Amino acid sequence: MTKPRLTLGERLRDLLLIVIVFALGAGALTAFTTFRIWQVGHQDGRRSVDAIVVLGAAQYNGRPSGALAARLDHAIELYKDGVAPFLITTGGNLPGDLTTEAETGRRYAMARGVPESAILMENTGHSTLESIQHVRAIFDARNLHTALFVSDRSHMLRILRVAQDQGIEAWSSPTDTSPDDNVQDLFYKSLVHELGAMALYVLVNEDPDSAGAAGSAGGAASTSASPSAKH
(Lines give C-alpha, C1' and ligand atoms only; values in the text may rest on other atoms or scores of the structure.)
Protein backbone atom coordinates (compact mmCIF):
# COMPACT_ATOMS: atom_id res chain seq x y z
CA MET A 1 0.00 0.00 0.00
CA THR A 2 1.12 3.53 -0.74
CA LYS A 3 1.99 5.45 2.38
CA PRO A 4 -0.37 8.41 2.74
CA ARG A 5 1.24 11.78 2.20
CA LEU A 6 1.46 14.21 5.07
CA THR A 7 -1.05 16.95 4.93
CA LEU A 8 0.07 20.59 4.85
CA GLY A 9 -0.99 20.96 8.46
CA GLU A 10 1.08 17.96 9.52
CA ARG A 11 4.13 19.30 7.68
CA LEU A 12 3.75 22.68 9.34
CA ARG A 13 3.41 20.97 12.73
CA ASP A 14 6.63 18.98 12.20
CA LEU A 15 8.44 22.10 11.03
CA LEU A 16 7.25 23.98 14.10
CA LEU A 17 8.51 21.19 16.37
CA ILE A 18 11.93 21.33 14.70
CA VAL A 19 12.07 25.10 15.12
CA ILE A 20 11.11 24.80 18.79
CA VAL A 21 13.78 22.16 19.44
CA PHE A 22 16.47 24.27 17.77
CA ALA A 23 15.32 27.39 19.64
CA LEU A 24 15.43 25.59 22.98
CA GLY A 25 18.88 24.22 22.20
CA ALA A 26 20.20 27.61 21.13
CA GLY A 27 18.69 29.22 24.22
CA ALA A 28 20.26 26.66 26.54
CA LEU A 29 23.67 27.04 24.86
CA THR A 30 23.47 30.84 25.07
CA ALA A 31 22.50 30.70 28.73
CA PHE A 32 25.36 28.32 29.55
CA THR A 33 27.92 30.44 27.67
CA THR A 34 26.65 33.59 29.39
CA PHE A 35 27.08 31.88 32.76
CA ARG A 36 30.62 30.79 31.86
CA ILE A 37 31.54 34.32 30.75
CA TRP A 38 30.31 35.63 34.09
CA GLN A 39 31.95 32.82 36.08
CA VAL A 40 35.39 33.07 34.48
CA GLY A 41 35.24 36.86 34.55
CA HIS A 42 34.93 36.79 38.33
CA GLN A 43 37.91 34.50 38.91
CA ASP A 44 41.35 35.95 39.62
CA GLY A 45 44.05 33.39 38.98
CA ARG A 46 47.01 35.65 39.77
CA ARG A 47 50.20 33.73 40.43
CA SER A 48 53.87 33.84 39.48
CA VAL A 49 54.20 33.47 35.70
CA ASP A 50 56.67 34.20 32.93
CA ALA A 51 54.74 37.20 31.59
CA ILE A 52 51.70 39.38 32.17
CA VAL A 53 49.82 39.92 28.90
CA VAL A 54 47.46 42.88 28.67
CA LEU A 55 45.01 42.79 25.77
CA GLY A 56 44.70 45.96 23.72
CA ALA A 57 41.67 48.22 23.45
CA ALA A 58 40.92 51.55 21.80
CA GLN A 59 43.47 54.34 21.94
CA TYR A 60 43.34 57.86 20.58
CA ASN A 61 46.72 58.78 19.08
CA GLY A 62 48.58 57.66 22.18
CA ARG A 63 45.89 58.34 24.77
CA PRO A 64 44.35 55.11 26.09
CA SER A 65 40.61 54.75 26.26
CA GLY A 66 39.00 54.10 29.63
CA ALA A 67 38.96 50.36 28.97
CA LEU A 68 42.62 50.25 27.95
CA ALA A 69 43.72 52.40 30.90
CA ALA A 70 41.85 50.10 33.30
CA ARG A 71 43.57 47.04 31.84
CA LEU A 72 46.98 48.68 31.94
CA ASP A 73 46.56 49.93 35.52
CA HIS A 74 45.76 46.40 36.67
CA ALA A 75 48.64 44.87 34.71
CA ILE A 76 51.08 47.45 36.10
CA GLU A 77 49.89 46.68 39.63
CA LEU A 78 50.52 42.97 39.01
CA TYR A 79 53.99 43.69 37.65
CA LYS A 80 54.90 45.84 40.66
CA ASP A 81 53.64 43.04 42.93
CA GLY A 82 56.33 40.81 41.37
CA VAL A 83 53.97 38.46 39.53
CA ALA A 84 56.16 38.32 36.39
CA PRO A 85 59.43 39.72 35.00
CA PHE A 86 57.79 40.80 31.73
CA LEU A 87 54.75 42.86 30.78
CA ILE A 88 53.51 42.31 27.22
CA THR A 89 51.33 44.97 25.63
CA THR A 90 49.29 44.01 22.59
CA GLY A 91 47.27 45.47 19.77
CA GLY A 92 47.79 47.11 16.38
CA ASN A 93 46.19 50.20 14.96
CA LEU A 94 43.38 51.31 12.70
CA PRO A 95 43.87 53.19 9.41
CA GLY A 96 44.79 56.79 10.20
CA ASP A 97 46.05 56.06 13.73
CA LEU A 98 49.41 57.59 14.57
CA THR A 99 50.40 54.79 16.93
CA THR A 100 49.35 51.33 18.06
CA GLU A 101 47.53 50.04 21.10
CA ALA A 102 50.69 48.19 22.13
CA GLU A 103 52.89 51.30 21.86
CA THR A 104 50.33 53.35 23.78
CA GLY A 105 50.37 50.68 26.48
CA ARG A 106 54.17 50.64 26.54
CA ARG A 107 54.40 54.42 27.04
CA TYR A 108 51.66 54.35 29.67
CA ALA A 109 53.42 51.61 31.65
CA MET A 110 56.82 53.31 31.44
CA ALA A 111 55.32 56.58 32.68
CA ARG A 112 54.11 54.67 35.74
CA GLY A 113 57.41 53.10 36.63
CA VAL A 114 57.66 49.89 34.61
CA PRO A 115 61.20 49.60 33.21
CA GLU A 116 61.49 49.72 29.44
CA SER A 117 63.53 46.51 29.52
CA ALA A 118 60.60 44.65 31.10
CA ILE A 119 58.07 45.60 28.39
CA LEU A 120 57.57 43.49 25.26
CA MET A 121 55.13 44.33 22.49
CA GLU A 122 52.82 42.56 20.06
CA ASN A 123 51.93 45.53 17.90
CA THR A 124 50.21 44.17 14.78
CA GLY A 125 47.27 42.09 15.98
CA HIS A 126 43.81 43.29 15.00
CA SER A 127 41.85 40.70 16.95
CA THR A 128 42.16 38.64 20.13
CA LEU A 129 43.14 35.62 18.05
CA GLU A 130 45.84 37.46 16.09
CA SER A 131 47.29 39.10 19.20
CA ILE A 132 47.54 35.82 21.09
CA GLN A 133 49.07 34.07 18.08
CA HIS A 134 51.74 36.77 18.02
CA VAL A 135 52.20 36.53 21.79
CA ARG A 136 52.83 32.82 21.29
CA ALA A 137 55.60 33.76 18.83
CA ILE A 138 57.16 36.02 21.48
CA PHE A 139 56.94 33.17 23.98
CA ASP A 140 58.68 30.80 21.58
CA ALA A 141 61.45 33.31 20.87
CA ARG A 142 62.14 33.93 24.57
CA ASN A 143 61.41 30.44 25.92
CA LEU A 144 58.42 31.64 27.97
CA HIS A 145 55.62 29.25 28.89
CA THR A 146 53.16 30.70 31.40
CA ALA A 147 51.06 33.85 31.22
CA LEU A 148 48.61 35.86 33.28
CA PHE A 149 46.18 37.59 30.91
CA VAL A 150 44.59 40.92 31.78
CA SER A 151 41.45 42.31 30.17
CA ASP A 152 37.82 43.08 30.98
CA ARG A 153 35.78 40.50 32.88
CA SER A 154 33.57 39.67 29.89
CA HIS A 155 36.64 39.04 27.70
CA MET A 156 38.41 36.48 29.86
CA LEU A 157 36.65 33.26 28.82
CA ARG A 158 37.51 33.76 25.14
CA ILE A 159 41.07 34.82 25.93
CA LEU A 160 41.74 31.68 27.96
CA ARG A 161 40.20 29.48 25.27
CA VAL A 162 42.34 31.01 22.53
CA ALA A 163 45.51 31.03 24.67
CA GLN A 164 45.12 27.37 25.59
CA ASP A 165 44.53 26.49 21.94
CA GLN A 166 47.79 28.28 21.15
CA GLY A 167 49.64 26.14 23.67
CA ILE A 168 50.12 28.84 26.30
CA GLU A 169 49.68 27.83 29.94
CA ALA A 170 47.30 30.63 30.83
CA TRP A 171 45.44 32.14 33.78
CA SER A 172 43.29 35.24 34.01
CA SER A 173 43.36 38.32 36.22
CA PRO A 174 40.59 40.65 35.02
CA THR A 175 40.49 44.32 35.85
CA ASP A 176 37.48 45.36 37.92
CA THR A 177 37.53 49.03 36.87
CA SER A 178 36.80 48.85 33.14
CA PRO A 179 33.81 50.92 31.98
CA ASP A 180 32.94 48.05 29.65
CA ASP A 181 32.06 46.01 32.74
CA ASN A 182 30.75 48.74 35.04
CA VAL A 183 28.57 50.87 32.74
CA GLN A 184 25.33 48.97 32.15
CA ASP A 185 24.88 49.76 28.46
CA LEU A 186 28.51 49.01 27.69
CA PHE A 187 28.34 45.78 29.69
CA TYR A 188 25.39 44.46 27.69
CA LYS A 189 27.11 45.40 24.43
CA SER A 190 30.28 43.64 25.59
CA LEU A 191 28.33 40.54 26.58
CA VAL A 192 26.53 40.33 23.24
CA HIS A 193 29.85 40.88 21.46
CA GLU A 194 31.51 38.08 23.43
CA LEU A 195 28.68 35.65 22.76
CA GLY A 196 29.00 36.30 19.04
CA ALA A 197 32.80 36.23 19.11
CA MET A 198 32.88 32.92 20.98
CA ALA A 199 30.50 31.38 18.47
CA LEU A 200 32.56 32.72 15.56
CA TYR A 201 35.79 31.42 17.06
CA VAL A 202 34.45 27.94 17.78
CA LEU A 203 32.65 27.57 14.44
CA VAL A 204 35.06 29.33 12.08
CA ASN A 205 38.47 30.22 13.51
CA GLU A 206 39.33 27.27 15.70
CA ASP A 207 42.05 25.07 14.20
CA PRO A 208 43.13 21.79 15.84
CA ASP A 209 46.70 22.54 14.66
CA SER A 210 46.63 26.21 15.66
CA ALA A 211 49.38 25.81 18.25
CA GLY A 212 51.72 24.44 15.64
CA ALA A 213 50.81 27.14 13.15
CA ALA A 214 51.35 29.98 15.59
CA GLY A 215 54.97 30.34 14.63
CA SER A 216 53.94 31.56 11.19
CA ALA A 217 52.72 34.73 12.84
CA GLY A 218 56.08 35.37 14.45
CA GLY A 219 57.32 37.82 11.84
CA ALA A 220 54.58 40.26 12.76
CA ALA A 221 55.35 40.37 16.46
CA SER A 222 57.87 42.64 18.14
CA THR A 223 59.90 41.00 20.88
CA SER A 224 61.71 44.18 21.77
CA ALA A 225 60.62 47.34 23.50
CA SER A 226 63.22 49.39 21.66
CA PRO A 227 62.02 52.95 21.11
CA SER A 228 63.40 52.80 17.59
CA ALA A 229 60.98 50.04 16.58
CA LYS A 230 58.56 50.98 13.83
CA HIS A 231 54.87 50.56 14.43
# chains A, B, ... in the order shown; residues from 1 in each chain; ligands from 1
>>> residues_around(residues="A:Thr33", least_positions_apart="3", cutoff="12 Å", atoms="only C-alpha atoms", output="short mmCIF file (atom, residue, chain, number, x, y, z; two decimals) with N, CA and C atoms, in the first residue's frame")
data_model
loop_
_atom_site.label_atom_id
_atom_site.label_comp_id
_atom_site.auth_asym_id
_atom_site.auth_seq_id
_atom_site.Cartn_x
_atom_site.Cartn_y
_atom_site.Cartn_z
N ALA A 26 19.42 26.38 21.25
CA ALA A 26 20.20 27.61 21.13
C ALA A 26 20.08 28.44 22.41
N GLY A 27 18.88 28.47 22.99
CA GLY A 27 18.69 29.22 24.22
C GLY A 27 19.50 28.64 25.37
N ALA A 28 19.50 27.31 25.46
CA ALA A 28 20.26 26.66 26.54
C ALA A 28 21.76 26.89 26.37
N LEU A 29 22.25 26.82 25.12
CA LEU A 29 23.67 27.04 24.86
C LEU A 29 24.06 28.49 25.17
N THR A 30 23.19 29.43 24.79
CA THR A 30 23.47 30.84 25.07
C THR A 30 23.49 31.11 26.57
N ARG A 36 29.18 31.02 31.85
CA ARG A 36 30.62 30.79 31.86
C ARG A 36 31.39 32.09 31.72
N ILE A 37 30.90 33.02 30.88
CA ILE A 37 31.54 34.32 30.75
C ILE A 37 31.54 35.04 32.09
N TRP A 38 30.41 35.00 32.77
CA TRP A 38 30.31 35.63 34.09
C TRP A 38 31.21 34.92 35.09
N GLN A 39 31.19 33.59 35.10
CA GLN A 39 31.95 32.82 36.08
C GLN A 39 33.46 33.05 35.93
N VAL A 40 33.96 32.91 34.71
CA VAL A 40 35.39 33.07 34.48
C VAL A 40 35.81 34.52 34.71
N GLY A 41 34.93 35.46 34.36
CA GLY A 41 35.24 36.86 34.55
C GLY A 41 35.34 37.29 35.99
N SER A 154 34.34 40.38 30.93
CA SER A 154 33.57 39.67 29.89
C SER A 154 34.46 39.06 28.82
N LEU A 157 36.92 34.64 29.25
CA LEU A 157 36.65 33.26 28.82
C LEU A 157 37.23 33.01 27.43
N ARG A 158 37.01 33.94 26.51
CA ARG A 158 37.51 33.76 25.14
C ARG A 158 39.03 33.83 25.12
N LEU A 191 28.80 41.91 26.43
CA LEU A 191 28.33 40.54 26.58
C LEU A 191 27.83 39.99 25.26
N VAL A 192 27.03 40.77 24.55
CA VAL A 192 26.53 40.33 23.24
C VAL A 192 27.69 40.10 22.28
N GLU A 194 30.77 39.28 23.05
CA GLU A 194 31.51 38.08 23.43
C GLU A 194 30.77 36.80 23.05
N LEU A 195 29.46 36.82 23.18
CA LEU A 195 28.68 35.65 22.76
C LEU A 195 28.87 35.39 21.28
N GLY A 196 28.80 36.45 20.48
CA GLY A 196 29.00 36.30 19.04
C GLY A 196 30.43 35.91 18.70
N ALA A 197 31.40 36.52 19.39
CA ALA A 197 32.80 36.23 19.11
C ALA A 197 33.17 34.80 19.49
N MET A 198 32.62 34.31 20.60
CA MET A 198 32.88 32.92 20.98
C MET A 198 32.33 31.96 19.95
N ALA A 199 31.11 32.24 19.48
CA ALA A 199 30.50 31.38 18.47
C ALA A 199 31.32 31.40 17.19
#
>>> residues_around(residues="stretch 135-152 of chain A", least_positions_apart="5", cutoff="6 Å", atoms="only C-alpha atoms", output="ChimeraX atom specification")
/A:49-55,71,169-175,215,218,223
>>> residues_around(residues="A:Asp176", least_positions_apart="2", cutoff="9 Å", atoms="only C-alpha atoms", output="ChimeraX atom specification")
/A:42,70-71,74,152-153,174,178-179,181-182
>>> write_last_selection(atoms="N, CA and C atoms", output="mmCIF file, in the first residue's frame")
data_model
loop_
_atom_site.group_PDB
_atom_site.id
_atom_site.type_symbol
_atom_site.label_atom_id
_atom_site.label_comp_id
_atom_site.auth_asym_id
_atom_site.auth_seq_id
_atom_site.Cartn_x
_atom_site.Cartn_y
_atom_site.Cartn_z
ATOM 1 N N HIS A 42 34.851 36.468 36.909
ATOM 2 C CA HIS A 42 34.929 36.790 38.334
ATOM 3 C C HIS A 42 35.943 35.912 39.066
ATOM 4 N N ALA A 70 42.191 50.999 32.194
ATOM 5 C CA ALA A 70 41.847 50.100 33.301
ATOM 6 C C ALA A 70 42.645 48.802 33.221
ATOM 7 N N ARG A 71 42.787 48.260 32.015
ATOM 8 C CA ARG A 71 43.572 47.038 31.842
ATOM 9 C C ARG A 71 45.038 47.271 32.187
ATOM 10 N N HIS A 74 45.767 47.678 35.960
ATOM 11 C CA HIS A 74 45.763 46.398 36.670
ATOM 12 C C HIS A 74 47.027 45.599 36.359
ATOM 13 N N ASP A 152 39.090 42.890 30.301
ATOM 14 C CA ASP A 152 37.816 43.076 30.978
ATOM 15 C C ASP A 152 37.259 41.724 31.414
ATOM 16 N N ARG A 153 36.364 41.744 32.373
ATOM 17 C CA ARG A 153 35.775 40.500 32.877
ATOM 18 C C ARG A 153 35.105 39.698 31.759
ATOM 19 N N PRO A 174 41.328 39.545 35.643
ATOM 20 C CA PRO A 174 40.593 40.651 35.017
ATOM 21 C C PRO A 174 40.648 41.927 35.845
ATOM 22 N N SER A 178 37.084 48.491 34.531
ATOM 23 C CA SER A 178 36.804 48.848 33.143
ATOM 24 C C SER A 178 35.371 49.354 32.975
ATOM 25 N N PRO A 179 35.174 50.465 32.246
ATOM 26 C CA PRO A 179 33.807 50.924 31.977
ATOM 27 C C PRO A 179 32.999 49.910 31.189
ATOM 28 N N ASP A 181 32.697 46.916 31.781
ATOM 29 C CA ASP A 181 32.056 46.011 32.737
ATOM 30 C C ASP A 181 31.160 46.748 33.730
ATOM 31 N N ASN A 182 31.426 48.017 33.961
ATOM 32 C CA ASN A 182 30.745 48.744 35.035
ATOM 33 C C ASN A 182 29.674 49.720 34.581
#
>>> atom_distance(atom1="atom CA of A:Gly92", atom2="atom CA of A:Asn61")
12.0 Å
>>> select_by_dssp(residues="stretch 141-209 of chain A", states="helix (DSSP H, G or I)", output="JSON, numbers by chain")
{"A": [141, 142, 153, 154, 155, 156, 157, 158, 159, 160, 161, 162, 163, 164, 165, 179, 180, 181, 182, 184, 185, 186, 187, 188, 189, 190, 191, 192, 193, 194, 195, 196, 197, 198, 199, 200, 201, 202, 203, 204, 205]}
>>> closest_residue(among="A:Gly105, A:Gly62, A:Gly45, A:Gly56", to="A:Val83", atoms="only C-alpha atoms")
A:Gly45
>>> closest_residue(among="A:Thr34, A:Gln166, A:Ser65, A:Arg107", to="A:His193", atoms="only C-alpha atoms")
A:Thr34
>>> closest_residue(among="A:Ala84, A:Tyr108, A:Thr177, A:Ala102", to="A:Glu122", atoms="only C-alpha atoms")
A:Ala102
>>> closest_residue(among="A:Leu160, A:Ala109, A:Leu98, A:Ala58", to="A:Asp73", atoms="only C-alpha atoms")
A:Ala109
>>> decode(residues="stretch 15-60 of chain A", atoms="N, CA and C atoms", output="CSV table (one decimal), in the first residue's frame")
chain,number,residue,atom,x,y,z
A,15,LEU,N,7.5,21.0,11.2
A,15,LEU,CA,8.4,22.1,11.0
A,15,LEU,C,8.5,22.9,12.3
A,16,LEU,N,7.3,23.2,12.9
A,16,LEU,CA,7.2,24.0,14.1
A,16,LEU,C,8.0,23.3,15.2
A,17,LEU,N,7.8,22.0,15.3
A,17,LEU,CA,8.5,21.2,16.4
A,17,LEU,C,10.0,21.3,16.2
A,18,ILE,N,10.5,21.2,15.0
A,18,ILE,CA,11.9,21.3,14.7
A,18,ILE,C,12.4,22.7,15.1
A,19,VAL,N,11.7,23.7,14.8
A,19,VAL,CA,12.1,25.1,15.1
A,19,VAL,C,12.1,25.3,16.6
A,20,ILE,N,11.1,24.7,17.3
A,20,ILE,CA,11.1,24.8,18.8
A,20,ILE,C,12.3,24.1,19.4
A,21,VAL,N,12.6,22.9,18.9
A,21,VAL,CA,13.8,22.2,19.4
A,21,VAL,C,15.1,22.9,19.3
A,22,PHE,N,15.3,23.5,18.0
A,22,PHE,CA,16.5,24.3,17.8
A,22,PHE,C,16.5,25.5,18.7
A,23,ALA,N,15.4,26.2,18.8
A,23,ALA,CA,15.3,27.4,19.6
A,23,ALA,C,15.7,27.1,21.1
A,24,LEU,N,15.1,26.0,21.6
A,24,LEU,CA,15.4,25.6,23.0
A,24,LEU,C,16.9,25.3,23.1
A,25,GLY,N,17.5,24.6,22.1
A,25,GLY,CA,18.9,24.2,22.2
A,25,GLY,C,19.8,25.5,22.2
A,26,ALA,N,19.4,26.4,21.3
A,26,ALA,CA,20.2,27.6,21.1
A,26,ALA,C,20.1,28.4,22.4
A,27,GLY,N,18.9,28.5,23.0
A,27,GLY,CA,18.7,29.2,24.2
A,27,GLY,C,19.5,28.6,25.4
A,28,ALA,N,19.5,27.3,25.5
A,28,ALA,CA,20.3,26.7,26.5
A,28,ALA,C,21.8,26.9,26.4
A,29,LEU,N,22.2,26.8,25.1
A,29,LEU,CA,23.7,27.0,24.9
A,29,LEU,C,24.1,28.5,25.2
A,30,THR,N,23.2,29.4,24.8
A,30,THR,CA,23.5,30.8,25.1
A,30,THR,C,23.5,31.1,26.6
A,31,ALA,N,22.5,30.5,27.3
A,31,ALA,CA,22.5,30.7,28.7
A,31,ALA,C,23.7,30.1,29.4
A,32,PHE,N,24.2,28.9,29.0
A,32,PHE,CA,25.4,28.3,29.5
A,32,PHE,C,26.6,29.1,29.3
A,33,THR,N,26.7,29.6,28.0
A,33,THR,CA,27.9,30.4,27.7
A,33,THR,C,27.9,31.7,28.4
A,34,THR,N,26.8,32.4,28.6
A,34,THR,CA,26.6,33.6,29.4
A,34,THR,C,27.1,33.3,30.8
A,35,PHE,N,26.7,32.2,31.4
A,35,PHE,CA,27.1,31.9,32.8
A,35,PHE,C,28.6,31.7,32.8
A,36,ARG,N,29.2,31.0,31.9
A,36,ARG,CA,30.6,30.8,31.9
A,36,ARG,C,31.4,32.1,31.7
A,37,ILE,N,30.9,33.0,30.9
A,37,ILE,CA,31.5,34.3,30.7
A,37,ILE,C,31.5,35.0,32.1
A,38,TRP,N,30.4,35.0,32.8
A,38,TRP,CA,30.3,35.6,34.1
A,38,TRP,C,31.2,34.9,35.1
A,39,GLN,N,31.2,33.6,35.1
A,39,GLN,CA,32.0,32.8,36.1
A,39,GLN,C,33.5,33.0,35.9
A,40,VAL,N,34.0,32.9,34.7
A,40,VAL,CA,35.4,33.1,34.5
A,40,VAL,C,35.8,34.5,34.7
A,41,GLY,N,34.9,35.5,34.4
A,41,GLY,CA,35.2,36.9,34.5
A,41,GLY,C,35.3,37.3,36.0
A,42,HIS,N,34.9,36.5,36.9
A,42,HIS,CA,34.9,36.8,38.3
A,42,HIS,C,35.9,35.9,39.1
A,43,GLN,N,36.8,35.3,38.3
A,43,GLN,CA,37.9,34.5,38.9
A,43,GLN,C,39.2,35.2,38.7
A,44,ASP,N,40.0,35.3,39.7
A,44,ASP,CA,41.3,35.9,39.6
A,44,ASP,C,42.4,34.9,39.9
A,45,GLY,N,43.1,34.5,38.8
A,45,GLY,CA,44.1,33.4,39.0
A,45,GLY,C,45.5,33.9,39.1
A,46,ARG,N,45.7,35.1,39.7
A,46,ARG,CA,47.0,35.6,39.8
A,46,ARG,C,48.0,34.7,40.5
A,47,ARG,N,49.1,34.6,39.9
A,47,ARG,CA,50.2,33.7,40.4
A,47,ARG,C,51.5,34.1,39.7
A,48,SER,N,52.6,33.6,40.1
A,48,SER,CA,53.9,33.8,39.5
A,48,SER,C,53.9,33.2,38.1
A,49,VAL,N,54.2,34.0,37.1
A,49,VAL,CA,54.2,33.5,35.7
A,49,VAL,C,55.4,34.1,35.0
A,50,ASP,N,55.6,33.7,33.7
A,50,ASP,CA,56.7,34.2,32.9
A,50,ASP,C,56.4,35.6,32.4
A,51,ALA,N,55.1,35.9,32.1
A,51,ALA,CA,54.7,37.2,31.6
A,51,ALA,C,53.3,37.5,31.9
A,52,ILE,N,53.1,38.8,32.1
A,52,ILE,CA,51.7,39.4,32.2
A,52,ILE,C,51.4,39.9,30.8
A,53,VAL,N,50.2,39.5,30.2
A,53,VAL,CA,49.8,39.9,28.9
A,53,VAL,C,48.6,40.7,29.0
A,54,VAL,N,48.6,42.0,28.6
A,54,VAL,CA,47.5,42.9,28.7
A,54,VAL,C,46.9,43.1,27.3
A,55,LEU,N,45.7,42.7,27.1
A,55,LEU,CA,45.0,42.8,25.8
A,55,LEU,C,44.7,44.2,25.4
A,56,GLY,N,44.9,44.6,24.2
A,56,GLY,CA,44.7,46.0,23.7
A,56,GLY,C,43.2,46.3,23.6
A,57,ALA,N,43.0,47.6,23.6
A,57,ALA,CA,41.7,48.2,23.4
A,57,ALA,C,41.9,49.6,22.8
A,58,ALA,N,40.8,50.3,22.6
A,58,ALA,CA,40.9,51.5,21.8
A,58,ALA,C,41.9,52.5,22.4
A,59,GLN,N,42.6,53.2,21.5
A,59,GLN,CA,43.5,54.3,21.9
A,59,GLN,C,43.3,55.5,20.9
A,60,TYR,N,43.6,56.7,21.4
A,60,TYR,CA,43.3,57.9,20.6
A,60,TYR,C,44.7,58.6,20.4
